[in-house]
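Enquirer: Pasting in a structure now, in structure tokens, and then I'll have a few things to ask.
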Amino acid sequence: MKMTTGIIIGLLILITSLGLFACKGKLQGKDKVKETKVADNPYLDLRTQAINVTPDQLQLKLDNDKDIYGIVMDWNMGDAIVTVVSFKTGDASVYMSTGQAFIGGYAHETVINAAKQFVISGEKYFSKAIKTENSEPTKEQKVDFYFLTKSGRYYIEEDFTKIENSTSDLLGLFEAGNQVITEYRLKTDK
């Protein structure tokens with residue numbers, strides 16, 4: 001129950017922050033995370049670009065073909081999908097299917113650390129994932145995780161109710177991804 005309350009409070013704060021930014025317009029100050037509004041919803045293009053990034057594009061040298069260099073987490077909440085993208089480099093972004101995008105986390109040490117930790121956390125769950133060519137976000141209320149490796153994309157999913165009830169084997173991985181959201185939220189709240 002404590003996990004459910006925390007997730008709901010965090011989500012409400014994130015949504016409230018997004019609403020405030022939509023009303024406020026441009027952000028001022030270098031400690032703020034930049035939110036950009038555009039006429040067309042960039043969600044699918046941004047997500048597609050992120051899930052197809054190669055280690056060469058990130059200038060990473062990997063020792064093993066199955067080393068994870070990135071994770072994409074899609075959290076389908078019913079009304080919207082929140083996508084968290086994190087790479088071994090510390091680059092991270094949060095995209096929402098409603099059109100909001102939070103980029104530029106590489107300029108903030110706390111976001112970098114959360115992104116790196118999310119990728120590291122993926123290593124202990126990787127053995128449960130299956131190789132896939134699919135890259136579409138789920139249409140159900142689930143949380144999907146895509147592990148990006150030189151040998152291809154691997155996938156694992158969980159019903160959100162199991163995460164919400166703290167009965168999921170993937171709870172730790174979800175919490176690591178949620179930490180990236182939290183670090184962005186803390187930057188936007190300043």
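Letters A, B, ... mark the chains of the structure tokens in the order given; residue numbers begin at 1 per chain; ligand numbers begin at 1, in order shown.
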List as a tab-separated table every residue of segment 46-157 of chain A that is in contact with segment 182-189 of chain A, defined as an atom at most 12 Å from one of its atoms (using only C-alpha atoms), together with the nearest atom pair and the distance in Å rounded to one decimal, sorted by chain and then rising number.

Expert:
```
residue	atom	partner	partner_atom	distance
A:Val84	CA	A:Tyr184	CA	10.6
A:Ala92	CA	A:Tyr184	CA	9.4
A:Ser93	CA	A:Tyr184	CA	8.7
A:Val94	CA	A:Tyr184	CA	8.2
A:Tyr95	CA	A:Tyr184	CA	11.4
A:Ala101	CA	A:Tyr184	CA	10.8
A:Phe102	CA	A:Tyr184	CA	7.6
A:Ile103	CA	A:Tyr184	CA	9.0
A:Gly104	CA	A:Tyr184	CA	9.5
A:Gly105	CA	A:Tyr184	CA	7.2
A:Tyr106	CA	A:Tyr184	CA	10.7
A:Ala107	CA	A:Lys187	CA	10.8
A:His108	CA	A:Lys187	CA	8.4
A:Glu109	CA	A:Glu183	CA	9.6
A:Thr110	CA	A:Glu183	CA	6.3
A:Val111	CA	A:Glu183	CA	5.5
A:Ile112	CA	A:Glu183	CA	9.2
A:Asn113	CA	A:Glu183	CA	9.4
A:Ala114	CA	A:Glu183	CA	7.3
A:Ala115	CA	A:Glu183	CA	9.5
```

Enquirer: Write out as a VMD selection string each polymer residue whose atoms come within 9 Å of Lys150 of chain A, counting only C-alpha atoms; drop sequence neighbours fewer than 3 positions from it.

Expert: chain A and resid 54 to 55 62 64 to 69 153

Enquirer: Could you pull out the strand (DSSP E or B) residues of segment 60-118 of chain A, going by DSSP on the backbone, and write them as a PDB file with C-alpha atoms, in the first residue's frame?

Expert:
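The resulting selection13.pdb:
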```pdb
ATOM      1  CA  GLY A  70      20.232   1.466 -22.687  1.00  0.00           C
ATOM      2  CA  ILE A  71      16.783   0.808 -21.260  1.00  0.00           C
ATOM      3  CA  VAL A  72      13.440   2.104 -22.458  1.00  0.00           C
ATOM      4  CA  MET A  73      10.582   1.814 -19.961  1.00  0.00           C
ATOM      5  CA  ASP A  74       7.013   2.363 -21.160  1.00  0.00           C
ATOM      6  CA  TRP A  75       4.502   2.871 -18.372  1.00  0.00           C
ATOM      7  CA  ASN A  76       0.972   2.736 -19.759  1.00  0.00           C
ATOM      8  CA  ILE A  81       2.094   6.450 -21.614  1.00  0.00           C
ATOM      9  CA  VAL A  82       5.203   7.699 -19.845  1.00  0.00           C
ATOM     10  CA  THR A  83       8.409   6.574 -21.513  1.00  0.00           C
ATOM     11  CA  VAL A  84      11.688   6.753 -19.614  1.00  0.00           C
ATOM     12  CA  VAL A  85      14.851   6.418 -21.697  1.00  0.00           C
ATOM     13  CA  SER A  86      18.222   5.918 -20.029  1.00  0.00           C
ATOM     14  CA  PHE A  87      21.621   5.131 -21.462  1.00  0.00           C
ATOM     15  CA  ALA A  92      18.111  10.273 -19.993  1.00  0.00           C
ATOM     16  CA  SER A  93      14.790  11.602 -21.232  1.00  0.00           C
ATOM     17  CA  VAL A  94      11.161  11.325 -20.237  1.00  0.00           C
ATOM     18  CA  TYR A  95       8.516  11.425 -22.968  1.00  0.00           C
ATOM     19  CA  MET A  96       4.765  11.444 -22.470  1.00  0.00           C
ATOM     20  CA  ALA A 101       9.097  15.806 -23.369  1.00  0.00           C
ATOM     21  CA  PHE A 102      11.786  16.316 -20.766  1.00  0.00           C
ATOM     22  CA  ILE A 103      15.261  16.346 -22.229  1.00  0.00           C
TER      23      ILE A 103
END
```

Enquirer: Please return, as a PyMOL selection string, all residues of segment 25-102 of chain A that DSSP assigns to helix (DSSP H, G or I) on the basis of the backbone.

Expert: chain A and resi 43-51

Enquirer: Please determine, counting only C-alpha atoms, which residue among A:Met77, A:Ile51, A:Leu58, A:Leu173 has the shortest atom-to-atom distance to Tyr146 of chain A.

Expert: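 Going through A:Met77, A:Ile51, A:Leu58, A:Leu173 one by one, the smallest distance to Tyr146 of chain A is for A:Ile51.
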
Enquirer: Taking into account only C-alpha atoms, which residue in the set A:Asn52, A:Gln179, A:Ile163, A:Leu171 is nearest to Glu133 of chain A?

Expert: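 Closest to Glu133 of chain A, using only C-alpha atoms: A:Asn52.
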
Enquirer: With only C-alpha atoms as the atoms that count, which of A:Leu60, A:Glu164, A:Lys131, A:Gln100 lies nearest to Ser151 of chain A?

Expert: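 For Ser151 of chain A, the nearest of the given residues is A:Lys131.
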